[in-house]
Structure formats: C-alpha cells, structure tokens
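Asker: Right, I'll just put the structure down here and ask away after.
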Amino acid sequence: MAGLKKAGANWVDGERFFDRQAELDVLSDRVRNGTHTLLTAQRRMGKTSLVRELLRRLTDEGRFQTVFVDLEDARTAADAVAEIAVQSRPAQHAWRRIKVGFDNALRGIAERVDTVAVAEVHVKLRAGIDAGNWRQKGGEVWAALAENDRSVVLAIDELPILVNRMLKDDDYRITPEGKRAVDELLSWLRRHGQEHQGRICLIVSGSVGLEPILRQAGLSAHANIFSPLDLKPWDEQTALDCLAALAEGCGLDLPLAARRAMCRRLRCLVPHHVQRFFDSLDEDLRLARRRRATVEDVERVYTAEMLGVRGQVDLDHYESRLKQVLEPEGYRDALDLLTEASMSDGMLRREAIDRFRDYFRVRAEGDPVPIGDVLRVLEHDGYLEAREDGYRFVSGLLQDWWRARHGQFFVPVGQRAARSGA
Ligand SMILES: Nc1ncnc2c1ncn2[C@@H]1O[C@H](COP(=O)(O)OP(=O)(O)O)[C@@H](O)[C@H]1O
Ligand SMILES: [Mg+2]
C-alpha cells in the first residue's frame, strides 16, 4: 500500500487525501448533470476536503472552471457577494465581466493573484457593495459566471454559519430582521441557482447543519433546490486502511491489532479523529524513540493524549457550535442531556428523557424549548443516535470527552426532578 502523508491542521487534498471514492463519483456525476448539492455532516467529517479534492480533480480534467468560496468570516449578504466575486478571479472570462461591473473600484488593480492582491481586490470590491445594491451586484456576478467559457462549479463553504449569524442576535436568539435578511439571501441564491442551472453548479457545505437552523426559522423551503448528500464517517475497513497508509508514510510499524484498538476506542470513525489519534500515537513513540506500536501504547495514548488537555481543545469547538445553533435555553438543556448520557454508559434512556422534559419545564425562564427540538439538533450534529430504548452517543471519543469535562458535578436527573418538584 502506498504511504499517505499526514494531515496538518486544515483540510486535505492530493497526497494527503484518503479514499472517499464513492462520494467523489457521486459528486462528479451530479456536476456533469448540473445538479446542485447540499453537503451535510457533522464538523470534521471531511466536507471541505472532499469538495477541495473534487475541484482539484475537475480542474485537472479541464472541462469545468471551479470556484471555491469560504463564507466563514462573512457577516452579511454584501460580504458574501464580495467573497464570491473575488474568488471568481480564476474564471478569467467571467472575471473580465465582473471587473467591468465594478469599473471604478477596480481601476488600476494589479493582475497578480497572490494573497496580498486578493485581499486588496476584496477590500475594493466590498467597498462597492452595500445593503442597497448587493442583489444587483450579485446578479451581475452570477450572470458573468454563467457566461464563462467553461461551465462553472461554484462551491460555497460554511454558508450555514453565515445564515446562522444573520439570523440571530448576540444572545443567539432569532430576530425578525435576521429572518427577513436570511429569507432574502436564500431566495436570491435559489433564484440564481435555478436560472443558471446547467451553466453554474452549486455545492453548498458547512459544519453547522443548515436544516435545523432553517427549520427553527421556518425557512426550510429554501433548501429545496439542492440534492442532499450526507457525508458519513468512515467504515472500519477504510479507517484501518487509512491508518496503515499513514503508518507506511512515516515509517511506523502499526500492527492490525493496534489499529483495531484505535477504531474500537473511537467507535465513530470521523476522519479527523482517526488522523488525530494517529498523530498523537506517532509523536508519543517518536519521543520514546520507538517505531513499533502495541495495543498498550494505543490505550495509553488514548487516555493521556486524546482525552487530555490537548485533545479537549477540539471539544471547545464542538460546544461553541452547539451554542450557535441552539438558543440559550436549548443549549443549557443540551449540556444536561449529553452529560446524563455520558455518565450512563453513553445511553440516554426514555425514562430519563421523560424526567428531563418535566425538569426543563420547571427550570425554563421563558418558553421552554421542546425537548424534541434539542434532541433533533443533537442527532443532526452527530452526538446522539436514536435507539429503540432512547439515544446513544455515536462517538466513543466524544462520550469520553464529555464525561471528562462535565462529569464532575453530575447529578442524575432523577434526583434533580425530585428536588424541583418539592
Ligand atoms: N479524505 C480524507 N483523507 C484524509 N484525511 C481526511 C479526509 N477527510 C478529512 N480528513 C481529516 O479531517 C480533518 C478535517 O477535514 P475537513 O475537510 O476540514 O472537515 P470539515 O470541513 O467537515 O470540517 C482534516 O484535517 C484531515 O485530518
Ligand atoms: Mg470545513
């Protein structure tokens, strides 16, 4: 088996990218048919990597022009339009037309495409777009892309983050203005997506689920121009193969028993967690000047490193995303539900859910958030999966993290409900 290069902190493509052949095939077919895709999965599943690798391959083939836009830092529809416009630069035909639309702003701008030049273009473009004209300016960008010589694959990453940000105030509550702004942005996207179908193919992705957010806001219909694609964790064989390829790539002897032990600990094989585990193990053995891993090494590194302070940094990320998606009351409820599950062998049983329902009702300061809504978000974001007798933590790692972080002051719901009723 050929060696695989280790991943860095960011998305991967090329010689660092492993497998995902089925998803790459599905997405290529969709691009050829002009079908728009909404790529969903919990964070760190490899959405950005998958899209980047797809665009890399499509670019190599030469049939499509690809444009990648990241909306992580965008705050308004105008920001989004500016970002799409800037990133359209590689589509040279389209870019010439876009420049005409922003004539004065871009006069004398350098033709270089290094980071400094891109930042400069961004600032100038952004200055020409405001709340009053973003629709029209954005429409011109769409039209220019639609008339590009090669048809365009337009990947928009982290759109749900922008939507969520526009929708809510600083306390993470949905506001009427936010709802109106999101409605406008998504209608605009939908209209142009439909109008230019066949010339521009959209791949929208993001680490916060778009559906739960739109459902909360009553805007679900906007997602209906997209065919969903749900990116799943790796199956065990793929993760075992990936670990073998990584080991090969950096000269580590990692026997099957040790790789199996790694998968057993993680349970849910999120590519990022697989990479992270491998990296910790490799580093640990390097420090000990050993190049052969045992099952005992795997167990030690799991407890000391993966569950340790360094590993827990990832959990902060998970928690902050949860906070963004749920309003404050729902967020508090979610923390309780997950802690209960992590302290009960990963299971949140029906009886516990019933007790929590009563307890949350008593505790709520305003309107209680329906417990079903909270559970739906936890399910959608990959924390819990529905079972016959309740819900269960999907990932062994997340369950162990949660327990380590929140277990200390745990009071079972049975005891709390009794108190609140007294
Ligand atoms: N196909 C893949 N091959 C190898 N590693 C991957 C792959 N997909 C994801 N990863 C790992 O997961 C990490 C996060 O990937 P990323 O694409 O940023 O996820 P997302 O966009 O879903 O949050 C990467 O840094 C890499 O370590
Ligand atoms: Mg991403």
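Residues are referred to by chain and number: the chain letter is A, B, ... according to the order shown in the structure tokens, the number counts from 1 in that chain, and ligands are numbered separately from 1 in the order shown.
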Residues within 7 Å of ligand 1 should be enumerated using only C-alpha atoms and all ligand atoms and returned as a list in words.

Answerer: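 With only C-alpha atoms and all ligand atoms and a cut-off of 7 Å, ligand 1 is contacted by Ala7, Gly8, Ala9, Asn10, Trp11, Val12, Arg16, Phe17, Phe18, Asp19, Arg20, Ala41, Gln42, Arg43, Arg44, Met45, Gly46, Lys47, Thr48, Ser49, Leu50, Gly206, Ser207, Pro271, His272, Gln275 and Arg276 of chain A.
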
Asker: DSSP on the backbone, then: every residue of stretch 39-257 of chain A marked helix (DSSP H, G or I), written as a PyMOL selection string.

Answerer: chain A and resi 47-61+77-87+92-101+103-106+115-127+134-146+159-167+176-195+210-217+220-225+236-249+256-257

Asker: For a quick check of understanding, using only C-alpha atoms, which of A:Leu398, A:Cys250, A:Ala293, A:Gly62 has the smallest distance to A:His317?

Answerer: A:Leu398

Asker: Could you jot down the atom CA of A:Ala94 to atom CA of A:Asp13 separation for me, Å, one decimal place?

Answerer: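 Those two atoms sit 26.1 Å apart.
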
Asker: Just checking: using only C-alpha atoms, which residue out of A:Leu243, A:Ala80, A:Leu71, A:Val182 ends up closest to A:Asp130?

Answerer: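 Under the stated criterion, the closest residue is A:Ala80.
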
Asker: Have a look at A:Ile156, A:Ala404, A:Leu240, A:Met166 and name the one nearest to ligand 2; count only C-alpha atoms and all ligand atoms.

Answerer: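 Going through A:Ile156, A:Ala404, A:Leu240, A:Met166 one by one, the smallest distance to ligand 2 is for A:Ile156.
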
Asker: Pick the closest to ligand 2 from A:Leu202, A:Leu231, A:Val298, A:Leu337: which is it, counting only C-alpha atoms and all ligand atoms?

Answerer: A:Leu231

Asker: Got a sec: who's within 10 Å of stretch 326-332 of chain A, counting only C-alpha atoms, leaving out chain neighbours fewer than 4 positions off, as a ChimeraX atom specification?

Answerer: /A:168,171-174,212-213,216,319-322,336-337,360,363-371,373-375,377-378

Asker: Could you write out the selected residues, including N, CA and C atoms, as a PDB file, in the first residue's frame?

Answerer:
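The file below, part.pdb, is the result:
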ATOM      1  N   LYS A 168     -29.450  35.507  13.991  1.00  0.00           N
ATOM      2  CA  LYS A 168     -29.519  35.642  15.442  1.00  0.00           C
ATOM      3  C   LYS A 168     -28.783  36.856  15.976  1.00  0.00           C
ATOM      4  N   ASP A 171     -27.153  37.143  21.661  1.00  0.00           N
ATOM      5  CA  ASP A 171     -27.542  36.097  22.620  1.00  0.00           C
ATOM      6  C   ASP A 171     -28.022  34.829  21.922  1.00  0.00           C
ATOM      7  N   TYR A 172     -27.740  34.754  20.630  1.00  0.00           N
ATOM      8  CA  TYR A 172     -28.124  33.587  19.839  1.00  0.00           C
ATOM      9  C   TYR A 172     -29.629  33.408  19.736  1.00  0.00           C
ATOM     10  N   ARG A 173     -30.376  34.515  19.796  1.00  0.00           N
ATOM     11  CA  ARG A 173     -31.821  34.406  19.589  1.00  0.00           C
ATOM     12  C   ARG A 173     -32.189  34.884  18.195  1.00  0.00           C
ATOM     13  N   ILE A 174     -33.138  34.173  17.586  1.00  0.00           N
ATOM     14  CA  ILE A 174     -33.590  34.555  16.245  1.00  0.00           C
ATOM     15  C   ILE A 174     -34.341  35.883  16.323  1.00  0.00           C
ATOM     16  N   PRO A 212     -31.525  22.199  10.477  1.00  0.00           N
ATOM     17  CA  PRO A 212     -32.083  22.558  11.785  1.00  0.00           C
ATOM     18  C   PRO A 212     -32.236  24.068  11.940  1.00  0.00           C
ATOM     19  N   ILE A 213     -31.309  24.831  11.373  1.00  0.00           N
ATOM     20  CA  ILE A 213     -31.381  26.282  11.506  1.00  0.00           C
ATOM     21  C   ILE A 213     -32.584  26.811  10.736  1.00  0.00           C
ATOM     22  N   GLN A 216     -35.811  26.017  12.473  1.00  0.00           N
ATOM     23  CA  GLN A 216     -36.084  26.920  13.595  1.00  0.00           C
ATOM     24  C   GLN A 216     -36.690  28.230  13.103  1.00  0.00           C
ATOM     25  N   GLU A 319     -18.565  22.419  21.335  1.00  0.00           N
ATOM     26  CA  GLU A 319     -19.521  23.087  22.215  1.00  0.00           C
ATOM     27  C   GLU A 319     -19.931  24.455  21.679  1.00  0.00           C
ATOM     28  N   SER A 320     -18.961  25.157  21.107  1.00  0.00           N
ATOM     29  CA  SER A 320     -19.323  26.503  20.658  1.00  0.00           C
ATOM     30  C   SER A 320     -20.272  26.429  19.457  1.00  0.00           C
ATOM     31  N   ARG A 321     -20.112  25.403  18.635  1.00  0.00           N
ATOM     32  CA  ARG A 321     -21.052  25.236  17.515  1.00  0.00           C
ATOM     33  C   ARG A 321     -22.454  24.965  18.040  1.00  0.00           C
ATOM     34  N   LEU A 322     -22.521  24.167  19.068  1.00  0.00           N
ATOM     35  CA  LEU A 322     -23.816  23.812  19.655  1.00  0.00           C
ATOM     36  C   LEU A 322     -24.503  25.065  20.192  1.00  0.00           C
ATOM     37  N   ASP A 336     -27.107  19.303  29.652  1.00  0.00           N
ATOM     38  CA  ASP A 336     -27.624  18.343  30.630  1.00  0.00           C
ATOM     39  C   ASP A 336     -27.876  16.968  30.019  1.00  0.00           C
ATOM     40  N   LEU A 337     -28.482  16.973  28.839  1.00  0.00           N
ATOM     41  CA  LEU A 337     -28.812  15.695  28.199  1.00  0.00           C
ATOM     42  C   LEU A 337     -27.536  14.913  27.879  1.00  0.00           C
ATOM     43  N   PHE A 360     -37.061  20.406  32.683  1.00  0.00           N
ATOM     44  CA  PHE A 360     -36.802  21.595  31.858  1.00  0.00           C
ATOM     45  C   PHE A 360     -37.976  22.553  31.916  1.00  0.00           C
ATOM     46  N   ARG A 363     -37.673  24.432  35.049  1.00  0.00           N
ATOM     47  CA  ARG A 363     -36.499  25.286  35.094  1.00  0.00           C
ATOM     48  C   ARG A 363     -36.549  26.475  34.135  1.00  0.00           C
ATOM     49  N   ALA A 364     -37.275  26.319  33.018  1.00  0.00           N
ATOM     50  CA  ALA A 364     -37.227  27.335  31.954  1.00  0.00           C
ATOM     51  C   ALA A 364     -37.586  28.714  32.485  1.00  0.00           C
ATOM     52  N   GLU A 365     -36.788  29.705  32.032  1.00  0.00           N
ATOM     53  CA  GLU A 365     -37.090  31.076  32.439  1.00  0.00           C
ATOM     54  C   GLU A 365     -38.138  31.691  31.515  1.00  0.00           C
ATOM     55  N   GLY A 366     -38.003  31.438  30.224  1.00  0.00           N
ATOM     56  CA  GLY A 366     -39.039  31.878  29.279  1.00  0.00           C
ATOM     57  C   GLY A 366     -39.827  30.668  28.829  1.00  0.00           C
ATOM     58  N   ASP A 367     -40.127  30.626  27.516  1.00  0.00           N
ATOM     59  CA  ASP A 367     -40.788  29.444  26.967  1.00  0.00           C
ATOM     60  C   ASP A 367     -39.793  28.288  26.944  1.00  0.00           C
ATOM     61  N   PRO A 368     -40.198  27.141  27.464  1.00  0.00           N
ATOM     62  CA  PRO A 368     -39.253  26.019  27.376  1.00  0.00           C
ATOM     63  C   PRO A 368     -39.061  25.598  25.920  1.00  0.00           C
ATOM     64  N   VAL A 369     -37.843  25.193  25.579  1.00  0.00           N
ATOM     65  CA  VAL A 369     -37.581  24.689  24.224  1.00  0.00           C
ATOM     66  C   VAL A 369     -38.074  23.244  24.195  1.00  0.00           C
ATOM     67  N   PRO A 370     -38.880  22.863  23.202  1.00  0.00           N
ATOM     68  CA  PRO A 370     -39.331  21.462  23.166  1.00  0.00           C
ATOM     69  C   PRO A 370     -38.130  20.518  23.150  1.00  0.00           C
ATOM     70  N   ILE A 371     -38.163  19.531  24.019  1.00  0.00           N
ATOM     71  CA  ILE A 371     -37.012  18.631  24.148  1.00  0.00           C
ATOM     72  C   ILE A 371     -36.737  17.904  22.831  1.00  0.00           C
ATOM     73  N   ASP A 373     -36.866  19.196  19.898  1.00  0.00           N
ATOM     74  CA  ASP A 373     -36.021  20.065  19.061  1.00  0.00           C
ATOM     75  C   ASP A 373     -34.554  19.917  19.443  1.00  0.00           C
ATOM     76  N   VAL A 374     -34.312  19.893  20.750  1.00  0.00           N
ATOM     77  CA  VAL A 374     -32.928  19.782  21.218  1.00  0.00           C
ATOM     78  C   VAL A 374     -32.351  18.440  20.777  1.00  0.00           C
ATOM     79  N   LEU A 375     -33.135  17.389  20.959  1.00  0.00           N
ATOM     80  CA  LEU A 375     -32.649  16.055  20.566  1.00  0.00           C
ATOM     81  C   LEU A 375     -32.392  15.979  19.068  1.00  0.00           C
ATOM     82  N   VAL A 377     -31.400  18.397  17.114  1.00  0.00           N
ATOM     83  CA  VAL A 377     -30.110  19.043  16.825  1.00  0.00           C
ATOM     84  C   VAL A 377     -28.951  18.130  17.237  1.00  0.00           C
ATOM     85  N   LEU A 378     -29.080  17.502  18.397  1.00  0.00           N
ATOM     86  CA  LEU A 378     -28.001  16.620  18.865  1.00  0.00           C
ATOM     87  C   LEU A 378     -27.825  15.424  17.936  1.00  0.00           C
TER      88      LEU A 378
END

Asker: Per DSSP on the backbone, filter stretch 22-266 of chain A down to the residues in strand (DSSP E or B) and report them as a PyMOL selection string.

Answerer: chain A and resi 37-40+65-70+152-157+168+174+200-206+227-230+234+253

Asker: What separation in Å, quoted to one decimal, exists between atom CA of A:Leu335 and atom CA of A:Arg416?

Answerer: 14.8 Å

Asker: Please provide the set of residues having any atom within 10 Å of A:Arg57, restricted to only C-alpha atoms, with same-chain residues fewer than 6 positions apart removed, written as a ChimeraX atom specification.

Answerer: /A:13-14,24,28,51,64

Asker: Residues as selected, N, CA and C atoms, written as a PDB file, in the first residue's frame, can you do that?

Answerer:
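See out_30.pdb below for the written result:
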ATOM      1  N   ASP A  13      -6.035  17.646   0.593  1.00  0.00           N
ATOM      2  CA  ASP A  13      -6.333  17.150  -0.751  1.00  0.00           C
ATOM      3  C   ASP A  13      -5.072  16.494  -1.303  1.00  0.00           C
ATOM      4  N   GLY A  14      -5.143  15.997  -2.525  1.00  0.00           N
ATOM      5  CA  GLY A  14      -3.971  15.406  -3.167  1.00  0.00           C
ATOM      6  C   GLY A  14      -3.379  14.253  -2.374  1.00  0.00           C
ATOM      7  N   LEU A  24     -16.827  10.988  -4.233  1.00  0.00           N
ATOM      8  CA  LEU A  24     -16.258  11.735  -5.364  1.00  0.00           C
ATOM      9  C   LEU A  24     -16.992  11.373  -6.657  1.00  0.00           C
ATOM     10  N   SER A  28     -19.123  13.974  -8.869  1.00  0.00           N
ATOM     11  CA  SER A  28     -18.755  14.226 -10.275  1.00  0.00           C
ATOM     12  C   SER A  28     -19.956  14.024 -11.185  1.00  0.00           C
ATOM     13  N   VAL A  51     -14.711  18.459  -1.023  1.00  0.00           N
ATOM     14  CA  VAL A  51     -15.012  19.432  -2.074  1.00  0.00           C
ATOM     15  C   VAL A  51     -13.719  19.928  -2.727  1.00  0.00           C
ATOM     16  N   PHE A  64     -14.279  21.840 -16.509  1.00  0.00           N
ATOM     17  CA  PHE A  64     -15.011  22.819 -15.698  1.00  0.00           C
ATOM     18  C   PHE A  64     -14.080  23.870 -15.124  1.00  0.00           C
TER      19      PHE A  64
END

Asker: What is the atom CA of A:Lys232-atom CA of A:Leu159 distance in Å, reported with one decimal?

Answerer: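 Taking atom CA of A:Lys232 and atom CA of A:Leu159, their separation equals 19.8 Å.
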
Asker: From the options A:Ala143, A:Leu256, A:Leu397, A:Ala78, which residue's atoms come nearest to A:Ala127, counting only C-alpha atoms?

Answerer: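 Selected residue with least distance to A:Ala127: A:Ala78.
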
Asker: Which one is closest to A:Phe393: A:Leu269, A:Leu338, A:Ala155, A:Val123? Count only C-alpha atoms.

Answerer: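 With only C-alpha atoms as the atom set, the closest residue is A:Leu338.
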
Asker: Name the residues in contact with stretch 300-305 of chain A at a cut-off of 7 Å, using only C-alpha atoms, excluding same-chain residues fewer than 5 positions from it; report them as a ChimeraX atom specification.

Answerer: /A:280-281,310-311
